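Engineer: Provided below: start.csv, containing CSV, C-alpha atoms.
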```
chain,number,residue,atom,x,y,z
A,370,MET,CA,-10.0,-16.4,16.5
A,371,THR,CA,-11.6,-18.5,13.8
A,372,THR,CA,-11.7,-16.7,10.5
A,373,PRO,CA,-15.2,-15.1,10.2
A,374,PRO,CA,-17.1,-16.7,7.3
A,375,ALA,CA,-19.0,-13.4,6.7
A,376,LEU,CA,-15.8,-11.7,5.4
A,377,ARG,CA,-16.0,-12.2,1.7
A,378,ALA,CA,-14.5,-10.2,-1.1
A,379,ALA,CA,-17.1,-7.8,-2.5
A,380,PRO,CA,-17.0,-5.8,-5.7
A,381,ALA,CA,-16.0,-2.2,-5.4
A,382,PRO,CA,-19.0,0.2,-5.3
A,383,ALA,CA,-20.0,1.8,-8.6
A,384,PRO,CA,-19.1,5.4,-9.1
A,385,GLY,CA,-21.6,7.6,-7.3
A,386,GLY,CA,-22.3,5.2,-4.5
A,387,ALA,CA,-23.8,1.9,-3.8
A,388,ASP,CA,-25.9,0.0,-6.3
A,389,HIS,CA,-29.3,1.0,-5.2
A,390,LEU,CA,-32.1,3.3,-6.3
A,391,ALA,CA,-31.2,6.1,-3.9
A,392,VAL,CA,-28.0,7.0,-5.7
A,393,ARG,CA,-28.4,8.8,-9.0
A,394,GLY,CA,-26.3,7.3,-11.7
A,395,SER,CA,-26.0,3.9,-10.1
A,396,PRO,CA,-26.8,0.8,-12.2
A,397,ALA,CA,-30.0,0.1,-10.2
A,398,ASN,CA,-31.1,3.7,-10.6
A,399,ARG,CA,-30.6,3.5,-14.4
A,400,ARG,CA,-32.6,0.3,-14.5
A,401,TRP,CA,-35.4,1.9,-12.5
A,402,ASP,CA,-35.3,4.9,-15.0
A,403,GLY,CA,-35.9,2.6,-17.9
A,404,ARG,CA,-38.5,0.4,-16.2
A,405,ALA,CA,-40.5,3.5,-15.1
A,406,THR,CA,-40.5,4.8,-18.6
A,407,VAL,CA,-41.7,1.5,-20.0
A,408,LEU,CA,-44.4,1.3,-17.4
A,409,MET,CA,-45.7,4.7,-18.5
A,410,ALA,CA,-45.1,4.5,-22.2
A,411,ALA,CA,-46.5,1.0,-22.9
A,412,PRO,CA,-49.9,1.4,-21.3
A,413,GLY,CA,-50.0,5.0,-22.6
A,414,SER,CA,-49.6,3.7,-26.1
A,415,LEU,CA,-52.6,1.4,-25.6
A,416,VAL,CA,-54.7,4.3,-24.2
A,417,LEU,CA,-53.9,6.6,-27.1
A,418,LEU,CA,-54.7,3.8,-29.5
A,419,GLY,CA,-58.0,3.2,-27.8
A,420,LEU,CA,-58.9,6.9,-27.9
A,421,ALA,CA,-58.0,7.4,-31.6
A,422,PRO,CA,-61.5,6.6,-32.9
A,423,PHE,CA,-63.2,9.1,-30.6
A,424,VAL,CA,-61.2,12.2,-31.5
A,425,PRO,CA,-61.4,14.2,-34.7
A,426,ALA,CA,-57.6,14.2,-35.2
A,427,HIS,CA,-57.5,10.4,-35.0
A,428,GLY,CA,-54.5,10.3,-37.3
A,429,LEU,CA,-52.5,12.4,-34.9
A,430,MET,CA,-53.6,10.3,-32.0
A,431,LEU,CA,-52.5,7.1,-33.8
A,432,LEU,CA,-49.2,8.8,-34.5
A,433,ALA,CA,-48.8,9.6,-30.8
A,434,ALA,CA,-49.7,6.0,-29.9
A,435,LEU,CA,-47.0,4.7,-32.2
A,436,GLY,CA,-44.5,7.2,-30.7
A,437,ALA,CA,-45.3,6.0,-27.2
A,438,ALA,CA,-44.7,2.4,-28.3
A,439,VAL,CA,-41.4,3.5,-29.7
A,440,VAL,CA,-40.4,5.1,-26.4
A,441,ALA,CA,-41.4,2.0,-24.5
A,442,VAL,CA,-39.2,-0.2,-26.8
A,443,TRP,CA,-36.4,2.3,-26.8
A,444,ALA,CA,-36.3,2.4,-23.0
A,445,HIS,CA,-36.6,-1.4,-22.7
A,446,LEU,CA,-33.7,-2.1,-25.0
A,447,THR,CA,-31.4,0.6,-23.5
A,448,PRO,CA,-28.7,-1.3,-21.6
A,449,VAL,CA,-27.7,-0.2,-18.1
A,450,GLY,CA,-24.3,0.9,-19.2
A,451,ALA,CA,-25.6,3.1,-22.1
A,452,PRO,CA,-24.4,6.7,-22.2
A,453,ALA,CA,-26.6,9.3,-20.6
A,454,TRP,CA,-27.6,10.8,-23.9
A,455,VAL,CA,-29.4,7.6,-24.9
A,456,ARG,CA,-31.8,8.0,-21.9
A,457,ALA,CA,-32.0,11.8,-22.6
A,458,GLY,CA,-33.0,10.8,-26.2
A,459,TYR,CA,-36.0,8.8,-25.3
A,460,SER,CA,-37.1,11.3,-22.7
A,461,ALA,CA,-36.9,14.1,-25.3
A,462,PHE,CA,-38.8,12.0,-27.8
A,463,ALA,CA,-41.4,11.3,-25.1
A,464,ALA,CA,-42.1,15.0,-24.6
A,465,ALA,CA,-42.9,15.4,-28.3
A,466,VAL,CA,-45.2,12.3,-28.2
A,467,LEU,CA,-47.1,13.7,-25.2
A,468,VAL,CA,-47.6,17.0,-26.8
A,469,ALA,CA,-48.9,15.3,-30.0
A,470,GLY,CA,-51.3,13.2,-27.9
A,471,THR,CA,-52.5,16.4,-26.1
A,472,ALA,CA,-53.0,18.1,-29.4
A,473,ALA,CA,-55.1,15.2,-30.7
A,474,ALA,CA,-57.2,15.1,-27.6
A,475,GLU,CA,-57.8,18.9,-27.7
A,476,SER,CA,-59.2,18.5,-31.2
A,477,LEU,CA,-62.4,17.7,-29.4
A,478,PRO,CA,-64.5,20.9,-28.8
A,479,SER,CA,-64.2,22.6,-25.4
A,480,LEU,CA,-61.5,20.1,-24.2
A,481,ASP,CA,-58.4,21.9,-22.8
A,482,ILE,CA,-55.9,19.6,-21.2
A,483,GLY,CA,-52.9,21.9,-21.0
A,484,SER,CA,-49.4,20.7,-20.2
A,485,ILE,CA,-50.6,18.3,-17.4
A,486,ALA,CA,-49.6,15.4,-19.7
A,487,LEU,CA,-45.9,16.5,-19.2
A,488,LEU,CA,-46.2,15.9,-15.4
A,489,SER,CA,-45.4,12.2,-15.4
A,490,PRO,CA,-42.1,12.3,-17.3
A,491,VAL,CA,-41.0,15.3,-15.1
A,492,LEU,CA,-41.6,13.2,-12.0
A,493,VAL,CA,-39.5,10.3,-13.3
A,494,ILE,CA,-36.7,12.5,-14.5
A,495,ALA,CA,-36.6,14.4,-11.2
A,496,MET,CA,-36.4,11.1,-9.4
A,497,THR,CA,-33.6,9.5,-11.4
A,498,ARG,CA,-31.6,12.2,-13.2
A,499,SER,CA,-29.1,14.8,-12.2
A,500,ARG,CA,-30.1,18.5,-11.7
A,501,ARG,CA,-28.5,19.4,-15.0
A,502,GLU,CA,-30.6,16.8,-16.9
A,503,ILE,CA,-33.7,17.9,-15.1
A,504,VAL,CA,-33.2,21.5,-16.2
A,505,LEU,CA,-32.4,20.5,-19.8
A,506,GLN,CA,-35.5,18.2,-20.0
A,507,LEU,CA,-37.8,20.9,-18.6
A,508,ALA,CA,-36.4,23.5,-21.1
A,509,TRP,CA,-36.9,21.0,-24.0
A,510,GLN,CA,-40.5,20.2,-22.9
A,511,GLN,CA,-41.4,23.9,-22.7
A,512,LEU,CA,-39.9,24.5,-26.1
A,513,VAL,CA,-42.0,21.7,-27.6
A,514,TRP,CA,-45.1,22.9,-25.6
A,515,GLY,CA,-44.5,26.5,-26.7
A,516,GLY,CA,-44.2,25.5,-30.3
A,517,TYR,CA,-47.5,23.6,-30.1
A,518,LEU,CA,-49.3,26.6,-28.5
A,519,LEU,CA,-47.9,29.0,-31.1
A,520,SER,CA,-49.1,26.7,-33.9
A,521,THR,CA,-52.6,26.6,-32.5
A,522,GLY,CA,-53.3,30.1,-31.1
A,523,PRO,CA,-52.0,33.6,-30.6
A,524,ALA,CA,-48.6,34.4,-29.2
A,525,GLN,CA,-50.1,35.8,-26.0
A,526,ARG,CA,-51.6,32.4,-25.3
A,527,ALA,CA,-48.3,30.6,-26.0
A,528,VAL,CA,-46.4,32.9,-23.6
A,529,VAL,CA,-48.8,32.6,-20.8
A,530,GLY,CA,-49.1,28.8,-21.3
A,531,VAL,CA,-45.3,28.3,-21.3
A,532,VAL,CA,-44.8,30.5,-18.2
A,533,VAL,CA,-47.5,28.8,-16.2
A,534,SER,CA,-46.4,25.3,-17.3
A,535,ALA,CA,-42.7,26.0,-16.6
A,536,SER,CA,-43.6,27.4,-13.2
A,537,VAL,CA,-45.7,24.5,-12.1
A,538,LEU,CA,-43.6,21.7,-13.6
A,539,GLY,CA,-40.4,23.4,-12.3
A,540,LEU,CA,-41.8,23.6,-8.8
A,541,VAL,CA,-42.9,19.9,-8.9
A,542,ALA,CA,-39.5,18.9,-10.3
A,543,GLY,CA,-37.6,21.0,-7.7
A,544,CYS,CA,-39.6,19.6,-4.8
A,545,THR,CA,-39.3,16.0,-6.1
A,546,SER,CA,-35.5,16.3,-6.6
A,547,TRP,CA,-35.1,17.9,-3.1
A,548,LEU,CA,-37.1,15.1,-1.5
A,549,ARG,CA,-35.1,12.6,-3.5
A,550,GLY,CA,-31.9,14.2,-2.1
A,551,LEU,CA,-33.2,13.7,1.4
A,552,VAL,CA,-33.8,10.0,0.7
A,553,GLU,CA,-30.3,9.6,-0.8
A,554,THR,CA,-28.7,11.2,2.3
A,555,ALA,CA,-30.8,9.0,4.7
A,556,LEU,CA,-30.0,5.8,2.9
A,557,ARG,CA,-26.3,6.7,2.6
A,558,GLU,CA,-26.2,7.3,6.3
A,559,LEU,CA,-28.0,4.0,7.0
A,560,THR,CA,-25.6,2.2,4.6
A,561,ASP,CA,-22.6,3.7,6.3
A,562,SER,CA,-23.8,2.9,9.8
A,563,ALA,CA,-24.5,-0.7,8.7
A,564,GLY,CA,-20.9,-1.0,7.7
A,565,ARG,CA,-19.4,0.4,10.9
A,566,ASP,CA,-18.8,-0.8,14.4
A,567,PRO,CA,-21.0,1.3,16.8
A,568,LEU,CA,-18.4,1.3,19.7
A,569,THR,CA,-15.2,2.2,17.9
A,570,GLY,CA,-16.5,3.8,14.7
A,571,LEU,CA,-14.2,1.5,12.6
A,572,LEU,CA,-15.5,-0.6,9.7
A,573,ASN,CA,-17.1,-3.9,10.7
A,574,ARG,CA,-17.1,-7.2,8.9
A,575,ARG,CA,-19.5,-5.9,6.2
A,576,GLY,CA,-17.7,-2.7,5.8
A,577,LEU,CA,-14.3,-4.4,5.4
A,578,ALA,CA,-15.6,-6.7,2.8
A,579,ALA,CA,-17.2,-3.9,0.8
A,580,ALA,CA,-14.3,-1.5,1.1
A,581,PRO,CA,-12.7,-1.1,-2.4
A,582,ALA,CA,-9.1,-2.2,-2.7
A,583,ALA,CA,-6.5,0.0,-4.4
A,584,THR,CA,-4.5,-3.0,-5.6
A,585,PRO,CA,-5.4,-6.6,-6.6
A,586,SER,CA,-3.2,-8.0,-3.8
A,587,CYS,CA,-3.0,-6.9,-0.2
A,588,TRP,CA,-1.6,-7.6,3.2
A,589,LEU,CA,-3.9,-8.4,6.1
A,590,LEU,CA,-2.8,-7.7,9.7
A,591,LEU,CA,-5.1,-9.6,12.2
A,592,LEU,CA,-4.7,-8.0,15.6
A,593,ASP,CA,-5.9,-9.4,18.9
A,594,LEU,CA,-5.5,-7.7,22.3
A,595,ASP,CA,-3.8,-10.0,24.7
A,596,HIS,CA,-5.7,-11.3,27.8
A,597,PHE,CA,-8.6,-9.0,27.1
A,598,LYS,CA,-11.0,-11.2,29.1
A,599,ARG,CA,-8.7,-10.6,32.1
A,600,ILE,CA,-9.2,-6.8,31.6
A,601,ASN,CA,-13.0,-7.2,31.7
A,602,ASP,CA,-12.9,-9.5,34.7
A,603,GLU,CA,-10.5,-7.3,36.8
A,604,HIS,CA,-11.5,-3.8,35.7
A,605,GLY,CA,-15.0,-4.2,34.4
A,606,HIS,CA,-16.5,-4.1,31.0
A,607,ALA,CA,-16.6,-0.3,30.9
A,608,VAL,CA,-12.8,-0.2,31.1
A,609,GLY,CA,-12.7,-3.0,28.6
A,610,ASP,CA,-14.8,-0.8,26.2
A,611,GLU,CA,-12.5,2.2,26.9
A,612,THR,CA,-9.5,0.0,26.0
A,613,LEU,CA,-11.1,-1.1,22.7
A,614,VAL,CA,-11.9,2.5,21.8
A,615,TRP,CA,-8.4,3.6,22.7
A,616,PHE,CA,-6.9,0.9,20.5
A,617,ALA,CA,-9.3,1.7,17.7
A,618,ASP,CA,-8.3,5.4,17.9
A,619,LEU,CA,-4.6,4.4,17.9
A,620,LEU,CA,-5.2,2.2,14.8
A,621,SER,CA,-7.2,4.8,12.9
A,622,ALA,CA,-5.0,7.7,13.8
A,623,GLY,CA,-2.0,5.9,12.3
A,624,THR,CA,-3.8,4.7,9.2
A,625,ARG,CA,-1.9,5.7,6.0
A,626,PRO,CA,-3.2,6.1,2.5
A,627,GLY,CA,-4.4,2.9,1.0
A,628,GLU,CA,-4.9,1.3,4.5
A,629,VAL,CA,-8.2,0.1,5.8
A,630,ALA,CA,-8.9,-0.6,9.5
A,631,ALA,CA,-11.8,-2.6,10.9
A,632,ARG,CA,-13.0,-4.3,14.0
A,633,ILE,CA,-14.4,-7.7,13.1
A,634,GLY,CA,-15.5,-8.8,16.6
A,635,GLY,CA,-14.7,-8.7,20.3
A,636,GLU,CA,-11.0,-7.7,20.7
A,637,GLU,CA,-10.1,-8.7,17.1
A,638,PHE,CA,-9.2,-6.0,14.6
A,639,VAL,CA,-7.9,-6.1,11.0
A,640,LEU,CA,-5.7,-3.6,9.1
A,641,ARG,CA,-5.5,-4.1,5.4
A,642,LEU,CA,-2.4,-2.8,3.7
A,643,PRO,CA,-1.8,-2.4,0.0
A,644,ALA,CA,0.7,-4.7,-1.8
A,645,GLY,CA,4.2,-3.5,-1.9
A,646,VAL,CA,4.5,-2.2,1.7
A,647,ASP,CA,6.7,-3.7,4.4
A,648,ALA,CA,3.9,-5.4,6.3
A,649,ALA,CA,6.1,-6.9,9.0
A,650,ALA,CA,7.7,-3.6,9.8
A,651,ARG,CA,4.2,-2.0,9.9
A,652,ALA,CA,2.9,-4.7,12.2
A,653,GLU,CA,5.9,-4.4,14.5
A,654,GLU,CA,5.4,-0.6,14.6
A,655,LEU,CA,1.8,-1.1,15.8
A,656,ARG,CA,2.8,-3.8,18.4
A,657,ALA,CA,5.4,-1.5,19.8
A,658,ALA,CA,3.0,1.4,20.0
A,659,VAL,CA,0.5,-0.6,21.9
A,660,ALA,CA,3.0,-1.9,24.4
A,661,SER,CA,4.6,1.5,25.0
A,662,PRO,CA,3.4,3.4,28.1
A,663,SER,CA,0.7,5.9,27.4
A,664,GLN,CA,-1.2,8.3,29.6
A,665,ASP,CA,-4.3,7.9,27.4
A,666,ARG,CA,-4.3,4.1,27.7
A,667,PRO,CA,-6.9,2.9,30.3
A,668,VAL,CA,-4.9,-0.1,31.4
A,669,PRO,CA,-1.6,-1.7,30.3
A,670,VAL,CA,-2.3,-4.0,27.3
A,671,THR,CA,-0.3,-5.7,24.5
A,672,VAL,CA,-1.4,-7.0,21.1
A,673,SER,CA,-0.5,-10.1,19.1
A,674,ILE,CA,-0.6,-9.8,15.3
A,675,GLY,CA,-0.8,-12.3,12.5
A,676,VAL,CA,0.2,-11.2,9.0
A,677,ALA,CA,-0.6,-12.7,5.7
A,678,GLY,CA,-0.6,-11.6,2.1
A,679,GLY,CA,-2.6,-12.5,-1.0
A,680,GLY,CA,-5.1,-11.6,-3.6
A,681,TRP,CA,-8.1,-9.5,-2.6
A,682,ALA,CA,-10.3,-12.0,-4.4
A,683,GLN,CA,-9.1,-14.7,-2.0
A,684,LEU,CA,-9.9,-12.8,1.1
A,685,PRO,CA,-11.2,-15.8,3.1
A,686,GLU,CA,-8.0,-17.7,2.4
A,687,VAL,CA,-5.8,-14.7,3.3
A,688,LEU,CA,-7.8,-14.2,6.6
A,689,ALA,CA,-7.4,-17.9,7.4
A,690,ALA,CA,-3.6,-17.6,7.0
A,691,ALA,CA,-3.5,-14.5,9.1
A,692,ASP,CA,-5.6,-16.2,11.7
A,693,ALA,CA,-3.2,-19.2,11.8
A,694,ALA,CA,-0.3,-16.8,12.2
A,695,LEU,CA,-2.1,-15.1,15.0
A,696,TYR,CA,-2.6,-18.4,16.8
A,697,ALA,CA,1.2,-19.0,16.5
A,698,ALA,CA,1.8,-15.6,18.0
A,699,LYS,CA,-0.4,-16.4,21.0
A,700,ARG,CA,1.3,-19.8,21.5
A,701,ALA,CA,4.7,-18.2,21.3
A,702,GLY,CA,3.9,-16.0,24.3
A,703,ARG,CA,1.8,-13.1,22.9
A,704,ASP,CA,2.9,-9.5,22.3
A,705,ARG,CA,4.6,-10.4,19.1
A,706,VAL,CA,4.1,-10.5,15.3
A,707,VAL,CA,4.1,-13.7,13.2
A,708,LEU,CA,4.1,-13.8,9.5
A,709,ALA,CA,2.2,-16.6,7.6
A,710,PRO,CA,4.3,-18.7,5.2
A,711,ALA,CA,5.0,-17.2,1.8
A,712,ASP,CA,2.8,-19.8,0.1
A,713,ALA,CA,-0.3,-18.8,2.1
A,714,GLY,CA,-0.9,-15.8,-0.2
A,715,ALA,CA,0.0,-14.3,-3.5
A,716,ALA,CA,1.6,-11.1,-2.2
A,717,ASP,CA,5.4,-10.7,-1.9
A,718,THR,CA,6.0,-12.0,1.7
A,719,ALA,CA,9.7,-11.7,1.9
A,720,ASP,CA,11.2,-12.8,5.3
A,721,VAL,CA,11.6,-9.8,7.6
A,722,THR,CA,12.8,-10.0,11.2
A,723,VAL,CA,12.4,-7.0,13.5
A,724,ALA,CA,14.2,-6.8,16.8
A,725,ALA,CA,11.9,-5.3,19.4
A,726,THR,CA,14.2,-5.5,22.4
A,727,PRO,CA,17.9,-6.4,22.6
A,728,GLY,CA,18.4,-10.1,22.2
A,729,GLU,CA,14.7,-10.8,21.5
A,730,ARG,CA,12.9,-11.2,18.3
A,731,ARG,CA,9.3,-10.1,18.2
A,732,THR,CA,8.6,-10.8,14.5
A,733,HIS,CA,8.7,-14.3,13.3
A,734,ARG,CA,8.0,-16.4,10.3
A,735,ALA,CA,5.3,-19.0,11.0
A,736,ARG,CA,6.3,-22.6,10.1
A,737,PRO,CA,4.1,-24.1,7.3
```
Write the structure described by the file as structure tokens, please.

Structural biologist:
Amino acid sequence: MTTPPALRAAPAPAPGGADHLAVRGSPANRRWDGRATVLMAAPGSLVLLGLAPFVPAHGLMLLAALGAAVVAVWAHLTPVGAPAWVRAGYSAFAAAVLVAGTAAAESLPSLDIGSIALLSPVLVIAMTRSRREIVLQLAWQQLVWGGYLLSTGPAQRAVVGVVVSASVLGLVAGCTSWLRGLVETALRELTDSAGRDPLTGLLNRRGLAAAPAATPSCWLLLLDLDHFKRINDEHGHAVGDETLVWFADLLSAGTRPGEVAARIGGEEFVLRLPAGVDAAARAEELRAAVASPSQDRPVPVTVSIGVAGGGWAQLPEVLAAADAALYAAKRAGRDRVVLAPADAGAADTADVTVAATPGERRTHRARP
């Protein structure tokens, strides 16, 4: 029953999911957005600069090279926490830069590039932005592209060019965004499974540490099934697993808002309660529920519970205090609740004694 060192307080996940590329809007995703833009715009600026002497409209090509450099610097200097319109701004500016570079390149006789230059930013946006941002960016790109076609040819050419470009780029963006959604779903499922115990479906050590806390302080109930080894020895491991699943179902079925249940190893479970609740009464309620006869219970079993309160940032210390209280419950005869001393944590741990049976106390205050 030693406190697991792997249980450490973790920051709450960012809105929209975990901090990794697969979740649109996450910090890592925004960093990738900026880096991808820099990786395209910076070399693109050098390419446009190198091509400037070889095209008739070399001034326009130089202007496009300067614009690409501005996009690269803009994206590089954009902080992760910047509003979405800042990223939309350099993406919109990049569309105009690409059209300018295309116009300069097409100043060469018989060279017709079309809107293929707009493909790269569409891919980046489809990988990193929301569907609304994708649609708005595509609409803006086609507006700029249509304006360029109107300024260089008849209206019929502009209409056909915009329709074809919008159809192709829209299909590419739609397929890319769909594939990206599949990746997001797969990684979220993997992340969720990595944080859960495969036998009981409860959170495991990693999941408990990563679960966001509703309050800065909390109560931890460390629950350990009594004489569990005897159950395995006398009834077999299959019955032992059934008992663990039964207890996990009992724990999760009674979980209230703000509470988090986890299995941290073997027959040890944790129930995290928000500050301000009567943790002793809650623990006694669970102890009594386990000890009461039940048709669903594979074999008779009881549970010992150690209770400690403190700050969520001091999770290892609170767990250690709950573990010490659990040891005290085992030494006192099992099937009981023991509260850690008030100075073991920062939460309000007022003395509470609950009578489980006439003449017998099942909830005790552990001695410092």

Engineer: Of the candidates A:Trp514, A:Trp615, A:Tyr459, A:Trp547, which one gets nearest to Ser499 in chain A if we count only C-alpha atoms?

Structural biologist: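 Ranked by minimum distance to Ser499 in chain A, first place goes to A:Trp547.
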
Engineer: Neighbours of Val468 in chain A within 9 Å (only C-alpha atoms; same-chain residues fewer than 4 positions away dropped), as a list in words?

Structural biologist: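 The filter keeps Ala433, Ala463, Ala464, Ala472, Ala473, Ser484, Ala486, Leu487, Gln510, Val513, Trp514 and Tyr517 of chain A.
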
Engineer: Could you please determine the separation between CA of Arg501 in chain A and CA of Gly543 in chain A in Å, to one decimal place?

Structural biologist: 11.8 Å

Engineer: How many Å lie between CA of Gly394 in chain A and CA of Thr497 in chain A, rounded to one decimal?

Structural biologist: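 Taking CA of Gly394 in chain A as the start and CA of Thr497 in chain A as the end point, the length is 7.6 Å.
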
Engineer: I'd like to know which of A:Leu538, A:Ala437, A:Val531, A:Val466 is closest to Ile485 in chain A, using all atoms listed in the file.

Structural biologist: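 Result for the nearest residue to Ile485 in chain A: A:Leu538.
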
Engineer: So what do you get for CA of Gly675 in chain A versus CA of Thr612 in chain A, distance-wise?

Structural biologist: 20.2 Å

Engineer: Find the residues around Arg549 in chain A up to 10 Å (only C-alpha atoms counted), leave out those fewer than 6 positions away in its own chain, and share them as a short mmCIF file (atom, residue, chain, number, x, y, z; two decimals) with C-alpha atoms, in the frame of the given file.

Structural biologist:
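Below you can see out.cif, which holds the result:
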```
data_model
loop_
_atom_site.label_atom_id
_atom_site.label_comp_id
_atom_site.auth_asym_id
_atom_site.auth_seq_id
_atom_site.Cartn_x
_atom_site.Cartn_y
_atom_site.Cartn_z
CA ALA A 391 -31.20 6.10 -3.90
CA VAL A 392 -28.00 7.00 -5.70
CA ARG A 393 -28.40 8.80 -9.00
CA ALA A 495 -36.60 14.40 -11.20
CA MET A 496 -36.40 11.10 -9.40
CA THR A 497 -33.60 9.50 -11.40
CA GLY A 543 -37.60 21.00 -7.70
CA ALA A 555 -30.80 9.00 4.70
#
```

Engineer: Which residues of range 547-587 of chain A have any atom within 9 Å of an atom in range 630-633 of chain A when counting all atoms listed in the file, and what is the closest pair of atoms for each, with the distance in Å to one decimal? Order the rows by chain and rising number and write it as JSON lines.

Structural biologist:
```
{"residue": "A:Arg565", "atom": "CA", "partner": "A:Ala631", "partner_atom": "CA", "distance": 8.2}
{"residue": "A:Asp566", "atom": "CA", "partner": "A:Arg632", "partner_atom": "CA", "distance": 6.8}
{"residue": "A:Thr569", "atom": "CA", "partner": "A:Arg632", "partner_atom": "CA", "distance": 7.9}
{"residue": "A:Gly570", "atom": "CA", "partner": "A:Ala631", "partner_atom": "CA", "distance": 8.8}
{"residue": "A:Leu571", "atom": "CA", "partner": "A:Ala631", "partner_atom": "CA", "distance": 5.0}
{"residue": "A:Leu572", "atom": "CA", "partner": "A:Ala631", "partner_atom": "CA", "distance": 4.4}
{"residue": "A:Asn573", "atom": "CA", "partner": "A:Ile633", "partner_atom": "CA", "distance": 5.2}
{"residue": "A:Arg574", "atom": "CA", "partner": "A:Ile633", "partner_atom": "CA", "distance": 5.0}
{"residue": "A:Arg575", "atom": "CA", "partner": "A:Ile633", "partner_atom": "CA", "distance": 8.8}
{"residue": "A:Gly576", "atom": "CA", "partner": "A:Ala631", "partner_atom": "CA", "distance": 7.8}
{"residue": "A:Leu577", "atom": "CA", "partner": "A:Ala631", "partner_atom": "CA", "distance": 6.3}
```

Engineer: Which of these residues is nearest to Arg641 in chain A, using only C-alpha atoms: A:Ala580, A:Val533, A:Ala617, A:Ala701?

Structural biologist: A:Ala580

Engineer: Find, counting all atoms listed in the file, the residue in A:Phe616, A:Phe423, A:Phe462, A:Phe597 that gets nearest to Ser663 in chain A.

Structural biologist: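 For Ser663 in chain A, the nearest of the given residues is A:Phe616.
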
Engineer: Enclose all atoms of range 425-442 of chain A listed in the file in an axis-aligned box, grow every side by 6 Å, and hand back centre and edge lengths in Å to one decimal, as JSON.

Structural biologist:
```
{"center_x": -50.3, "center_y": 7.0, "center_z": -30.9, "size_x": 34.2, "size_y": 26.4, "size_z": 24.8}
```

Engineer: Which polymer residues have any atom within 12 Å of an atom of Gly428 in chain A, counting only C-alpha atoms, with same-chain residues fewer than 2 positions away left out, as a short mmCIF file (atom, residue, chain, number, x, y, z; two decimals) with C-alpha atoms, keeping the file's coordinate frame?

Structural biologist:
```
data_model
loop_
_atom_site.label_atom_id
_atom_site.label_comp_id
_atom_site.auth_asym_id
_atom_site.auth_seq_id
_atom_site.Cartn_x
_atom_site.Cartn_y
_atom_site.Cartn_z
CA LEU A 417 -53.90 6.60 -27.10
CA LEU A 418 -54.70 3.80 -29.50
CA LEU A 420 -58.90 6.90 -27.90
CA ALA A 421 -58.00 7.40 -31.60
CA PRO A 422 -61.50 6.60 -32.90
CA PHE A 423 -63.20 9.10 -30.60
CA VAL A 424 -61.20 12.20 -31.50
CA PRO A 425 -61.40 14.20 -34.70
CA ALA A 426 -57.60 14.20 -35.20
CA MET A 430 -53.60 10.30 -32.00
CA LEU A 431 -52.50 7.10 -33.80
CA LEU A 432 -49.20 8.80 -34.50
CA ALA A 433 -48.80 9.60 -30.80
CA ALA A 434 -49.70 6.00 -29.90
CA LEU A 435 -47.00 4.70 -32.20
CA ALA A 469 -48.90 15.30 -30.00
CA GLY A 470 -51.30 13.20 -27.90
CA ALA A 472 -53.00 18.10 -29.40
CA ALA A 473 -55.10 15.20 -30.70
CA ALA A 474 -57.20 15.10 -27.60
CA SER A 476 -59.20 18.50 -31.20
#
```
